[in-house]
$ cat my_file08.txt   # compact mmCIF, C-alpha atoms
# COMPACT_ATOMS: atom_id res chain seq x y z
CA MET A 611 -44.58 -5.86 66.53
CA ASN A 612 -41.08 -5.28 65.21
CA LYS A 613 -38.69 -8.13 64.54
CA SER A 614 -36.53 -7.49 67.62
CA ALA A 615 -39.61 -7.63 69.87
CA ARG A 616 -40.97 -10.84 68.33
CA PRO A 617 -40.84 -13.69 70.86
CA ASP A 618 -38.70 -16.75 70.15
CA VAL A 619 -41.16 -19.42 69.08
CA SER A 620 -38.64 -21.99 67.88
CA TRP A 621 -39.39 -24.16 70.92
CA ILE A 622 -43.02 -24.46 69.76
CA LEU A 623 -41.77 -25.54 66.33
CA ASP A 624 -39.53 -28.10 68.06
CA GLU A 625 -42.65 -29.46 69.79
CA LEU A 626 -44.35 -29.73 66.38
CA VAL A 627 -41.56 -31.86 64.96
CA ASP A 628 -41.64 -34.07 68.05
CA PHE A 629 -44.34 -36.03 66.24
CA ARG A 630 -43.89 -39.48 64.73
CA GLY A 631 -42.58 -38.96 61.19
CA ALA A 632 -42.13 -35.18 61.43
CA ARG A 633 -38.81 -33.70 60.39
CA HIS A 634 -38.61 -29.89 60.23
CA ALA A 635 -40.68 -26.74 60.67
CA VAL A 636 -40.25 -23.14 59.55
CA LEU A 637 -42.43 -20.11 60.23
CA LEU A 638 -42.22 -17.66 57.33
CA SER A 639 -43.66 -14.33 56.30
CA ALA A 640 -45.89 -14.00 53.26
CA ASP A 641 -43.06 -12.27 51.40
CA GLY A 642 -40.73 -15.23 51.98
CA MET A 643 -38.66 -14.16 54.99
CA ARG A 644 -37.72 -16.64 57.74
CA MET A 645 -39.35 -15.80 61.09
CA ALA A 646 -38.44 -18.91 63.12
CA ALA A 647 -37.38 -22.53 62.61
CA SER A 648 -37.14 -25.77 64.52
CA SER A 649 -33.70 -26.49 65.94
CA GLU A 650 -32.53 -28.97 63.28
CA VAL A 651 -33.06 -26.46 60.46
CA THR A 652 -30.02 -24.44 59.36
CA ALA A 653 -30.42 -20.75 58.57
CA ASP A 654 -29.69 -21.42 54.88
CA LEU A 655 -32.33 -24.16 54.67
CA ALA A 656 -34.87 -22.01 56.55
CA ASP A 657 -34.26 -19.12 54.13
CA LYS A 658 -34.63 -21.46 51.13
CA ILE A 659 -37.88 -22.97 52.46
CA SER A 660 -39.23 -19.51 53.33
CA ALA A 661 -38.73 -18.27 49.79
CA THR A 662 -40.10 -21.51 48.34
CA GLY A 663 -43.10 -21.54 50.68
CA SER A 664 -44.07 -18.03 49.72
CA GLY A 665 -44.08 -19.02 46.06
CA MET A 666 -45.99 -22.25 46.74
CA GLN A 667 -48.70 -20.36 48.56
CA SER A 668 -49.04 -17.86 45.74
CA LEU A 669 -49.32 -20.61 43.12
CA SER A 670 -51.82 -22.50 45.26
CA ARG A 671 -53.98 -19.42 45.76
CA ASN A 672 -54.00 -18.76 42.01
CA ALA A 673 -55.42 -22.23 41.37
CA ALA A 674 -58.47 -21.74 43.61
CA ASP A 675 -60.93 -21.30 40.75
CA PHE A 676 -59.98 -24.78 39.52
CA VAL A 677 -61.44 -26.15 42.77
CA GLY A 678 -64.67 -24.18 42.47
CA ALA A 679 -66.25 -20.75 42.55
CA ASP A 680 -66.50 -20.75 46.34
CA ALA A 681 -62.85 -21.78 46.88
CA VAL A 682 -61.44 -18.30 47.47
CA THR A 683 -59.58 -18.75 50.74
CA TRP A 684 -56.37 -20.79 50.71
CA HIS A 685 -55.72 -22.89 53.82
CA GLN A 686 -53.10 -25.53 53.07
CA THR A 687 -50.85 -27.01 50.42
CA MET A 688 -49.30 -30.47 50.64
CA ILE A 689 -46.74 -31.91 48.24
CA GLN A 690 -45.70 -35.56 48.31
CA TYR A 691 -42.18 -36.64 47.29
CA ASP A 692 -40.59 -40.09 47.19
CA GLY A 693 -39.08 -39.41 50.62
CA GLY A 694 -41.97 -37.70 52.36
CA TYR A 695 -44.20 -34.64 52.47
CA LEU A 696 -43.99 -30.87 52.52
CA PHE A 697 -46.89 -29.07 54.21
CA LEU A 698 -47.68 -25.36 54.11
CA VAL A 699 -50.54 -23.93 56.16
CA ALA A 700 -51.83 -20.41 56.69
CA ALA A 701 -50.67 -19.01 60.02
CA SER A 702 -52.05 -15.48 59.65
CA THR A 703 -52.81 -13.06 56.83
CA SER A 704 -49.07 -12.36 56.65
CA SER A 705 -47.37 -15.65 57.53
CA TYR A 706 -47.29 -19.40 56.91
CA LEU A 707 -46.07 -22.50 58.67
CA ALA A 708 -44.06 -24.98 56.60
CA ALA A 709 -43.21 -28.47 57.81
CA SER A 710 -41.72 -31.63 56.39
CA ALA A 711 -42.41 -35.23 57.33
CA ALA A 712 -41.48 -38.77 56.34
CA ASN A 713 -43.70 -41.09 54.32
CA ASP A 714 -44.95 -42.85 57.45
CA VAL A 715 -46.44 -39.70 59.01
CA ASP A 716 -50.16 -39.73 59.73
CA VAL A 717 -51.01 -36.97 57.24
CA LEU A 718 -54.35 -35.98 58.78
CA ALA A 719 -53.09 -36.00 62.36
CA PHE A 720 -49.96 -34.03 61.46
CA SER A 721 -51.95 -31.46 59.47
CA ASP A 722 -54.28 -31.06 62.45
CA ARG A 723 -51.28 -30.65 64.76
CA MET A 724 -49.94 -27.89 62.52
CA VAL A 725 -53.24 -26.02 62.80
CA LYS A 726 -53.09 -26.34 66.60
CA VAL A 727 -49.52 -24.99 66.59
CA VAL A 728 -50.68 -21.98 64.58
CA GLU A 729 -53.39 -21.36 67.18
CA ARG A 730 -50.79 -21.54 69.97
CA LEU A 731 -48.47 -19.13 68.18
CA GLY A 732 -51.19 -16.48 68.16
CA PRO A 733 -49.90 -12.92 67.63
CA ALA A 734 -46.31 -14.13 67.25
CA VAL A 735 -47.13 -15.23 63.69
CA ALA A 736 -48.05 -11.77 62.46
CA ALA A 737 -45.29 -10.59 60.15
CA ASP A 738 -44.39 -6.93 59.91
CA PRO A 739 -44.26 -5.47 56.42
CA ARG A 740 -40.73 -5.32 55.08
CA GLU A 741 -39.19 -1.85 55.07
CA ARG A 742 -38.24 -0.76 51.58
CA GLN A 743 -34.88 0.95 51.18
CA GLY A 744 -34.35 3.77 48.72
CA GLU A 745 -37.93 4.28 47.58
CA LEU A 746 -38.62 7.54 45.82
CA GLY A 747 -41.41 9.52 47.37
$ encode --input "my_file08.txt" --output "structure tokens"
Amino acid sequence: MNKSARPDVSWILDELVDFRGARHAVLLSADGMRMAASSEVTADLADKISATGSGMQSLSRNAADFVGADAVTWHQTMIQYDGGYLFLVAASTSSYLAASAANDVDVLAFSDRMVKVVERLGPAVAADPRERQGELG
């Protein structure tokens, strides 16, 4: 599915952040490109979180052997700050869902809600590979 044909899923992300303590949500491709964002997220912030989320996922995946020999599939990363949480969950093999929440969020319930949002998004979360300009053949 090319980018112009991708459905607008920002309304689903708005429903995700309509959760007690939730703040923002961004759908991003594995290579760090913004695919969609909840309405309160500016384009600049969505781009920043997309790039950051891609790196976070890569770092998290590289630490799997620290968890155990069977821990080969990454599912979620959560970081806690003084002011709240940043969540990153797998949405497909080529995309992730990032969300932020306040300290008073029910972490387990919100994480579960993110997984349900990913299920609702279905094929809309599949990111097309980025076209490379000027490659030599």
$ closest_residue --input "my_file08.txt" --among "A:Asp618, A:Asp716, A:Asp641, A:Asp624" --to "Ser664 in chain A" --atoms "all atoms listed in the file"
A:Asp641
$ closest_residue --input "my_file08.txt" --among "A:Val682, A:Met643, A:Val627, A:Ile622" --to "Ser721 in chain A" --atoms "all atoms listed in the file"
A:Val627
$ closest_residue --input "my_file08.txt" --among "A:Ala674, A:Met724, A:Ala679, A:Glu729" --to "Leu623 in chain A" --atoms "all atoms listed in the file"
A:Met724
$ atom_distance --input "my_file08.txt" --atom1 "CA of Asn672 in chain A" --atom2 "CA of Trp684 in chain A"
9.2 Å
$ residues_around --input "my_file08.txt" --residues "range 646-653 of chain A" --least-positions-apart "6" --cutoff "7 Å" --atoms "all atoms listed in the file" --output "short mmCIF file (atom, residue, chain, number, x, y, z; two decimals) with C-alpha atoms, in the coordinates of the input"
data_model
loop_
_atom_site.label_atom_id
_atom_site.label_comp_id
_atom_site.auth_asym_id
_atom_site.auth_seq_id
_atom_site.Cartn_x
_atom_site.Cartn_y
_atom_site.Cartn_z
CA VAL A 619 -41.16 -19.42 69.08
CA SER A 620 -38.64 -21.99 67.88
CA TRP A 621 -39.39 -24.16 70.92
CA LEU A 623 -41.77 -25.54 66.33
CA ASP A 624 -39.53 -28.10 68.06
CA HIS A 634 -38.61 -29.89 60.23
CA ALA A 635 -40.68 -26.74 60.67
CA VAL A 636 -40.25 -23.14 59.55
CA LEU A 637 -42.43 -20.11 60.23
#
$ atom_distance --input "my_file08.txt" --atom1 "CA of Asp675 in chain A" --atom2 "CA of Met688 in chain A"
17.8 Å
$ residues_near_point --input "my_file08.txt" --point "(-43.9, -18.2, 57.1)" --cutoff "10 Å" --atoms "all atoms listed in the file" --output "PyMOL selection string"
chain A and resi 635-647+656+659-661+663-664+698-702+704-708+735-737
$ residues_around --input "my_file08.txt" --residues "Arg633 in chain A" --least-positions-apart "4" --cutoff "8 Å" --atoms "only C-alpha atoms" --output "list in words"
Val627, Ala709, Ser710, Ala711 and Ala712 of chain A
$ decode --input "my_file08.txt" --residues "range 699-716 of chain A" --atoms "N, CA, C and O atoms" --output "short mmCIF file (atom, residue, chain, number, x, y, z; two decimals), in the first residue's frame"
data_model
loop_
_atom_site.label_atom_id
_atom_site.label_comp_id
_atom_site.auth_asym_id
_atom_site.auth_seq_id
_atom_site.Cartn_x
_atom_site.Cartn_y
_atom_site.Cartn_z
N VAL A 699 5.28 -0.19 21.28
CA VAL A 699 4.87 -1.58 21.05
C VAL A 699 4.97 -1.90 19.56
O VAL A 699 4.85 -1.03 18.71
N ALA A 700 5.20 -3.16 19.29
CA ALA A 700 5.24 -3.63 17.91
C ALA A 700 3.85 -3.53 17.31
O ALA A 700 2.86 -3.96 17.93
N ALA A 701 3.75 -2.95 16.12
CA ALA A 701 2.47 -2.86 15.43
C ALA A 701 2.42 -3.83 14.26
O ALA A 701 1.37 -4.36 13.92
N SER A 702 3.55 -4.03 13.61
CA SER A 702 3.70 -5.00 12.52
C SER A 702 5.19 -5.27 12.39
O SER A 702 5.98 -4.76 13.19
N THR A 703 5.59 -6.02 11.39
CA THR A 703 7.02 -6.24 11.19
C THR A 703 7.72 -4.98 10.72
O THR A 703 8.95 -4.89 10.76
N SER A 704 6.96 -3.97 10.30
CA SER A 704 7.57 -2.76 9.76
C SER A 704 7.08 -1.47 10.42
O SER A 704 7.31 -0.39 9.89
N SER A 705 6.41 -1.59 11.57
CA SER A 705 5.92 -0.37 12.22
C SER A 705 5.73 -0.58 13.72
O SER A 705 5.63 -1.71 14.20
N TYR A 706 5.66 0.56 14.44
CA TYR A 706 5.52 0.56 15.89
C TYR A 706 4.52 1.63 16.30
O TYR A 706 4.31 2.60 15.58
N LEU A 707 3.94 1.45 17.46
CA LEU A 707 3.05 2.42 18.05
C LEU A 707 3.71 2.97 19.30
O LEU A 707 4.06 2.22 20.21
N ALA A 708 3.91 4.29 19.32
CA ALA A 708 4.47 4.97 20.49
C ALA A 708 3.37 5.76 21.17
O ALA A 708 2.50 6.34 20.50
N ALA A 709 3.40 5.79 22.49
CA ALA A 709 2.41 6.57 23.24
C ALA A 709 3.05 7.08 24.52
O ALA A 709 3.98 6.47 25.06
N SER A 710 2.54 8.21 24.98
CA SER A 710 3.00 8.75 26.26
C SER A 710 1.83 8.86 27.21
O SER A 710 0.67 8.97 26.79
N ALA A 711 2.15 8.82 28.50
CA ALA A 711 1.11 8.88 29.53
C ALA A 711 1.68 9.49 30.80
O ALA A 711 2.89 9.47 31.03
N ALA A 712 0.80 10.00 31.62
CA ALA A 712 1.16 10.60 32.90
C ALA A 712 1.47 9.52 33.93
O ALA A 712 1.20 8.33 33.71
N ASN A 713 2.03 9.93 35.05
CA ASN A 713 2.38 9.00 36.12
C ASN A 713 1.19 8.21 36.66
O ASN A 713 1.36 7.10 37.15
N ASP A 714 0.00 8.79 36.60
CA ASP A 714 -1.16 8.12 37.19
C ASP A 714 -1.86 7.14 36.25
O ASP A 714 -2.89 6.58 36.60
N VAL A 715 -1.28 6.89 35.07
CA VAL A 715 -1.90 5.94 34.15
C VAL A 715 -1.81 4.53 34.74
O VAL A 715 -0.86 4.19 35.43
N ASP A 716 -2.81 3.73 34.46
CA ASP A 716 -2.77 2.31 34.81
C ASP A 716 -1.91 1.64 33.73
O ASP A 716 -2.37 1.42 32.60
#
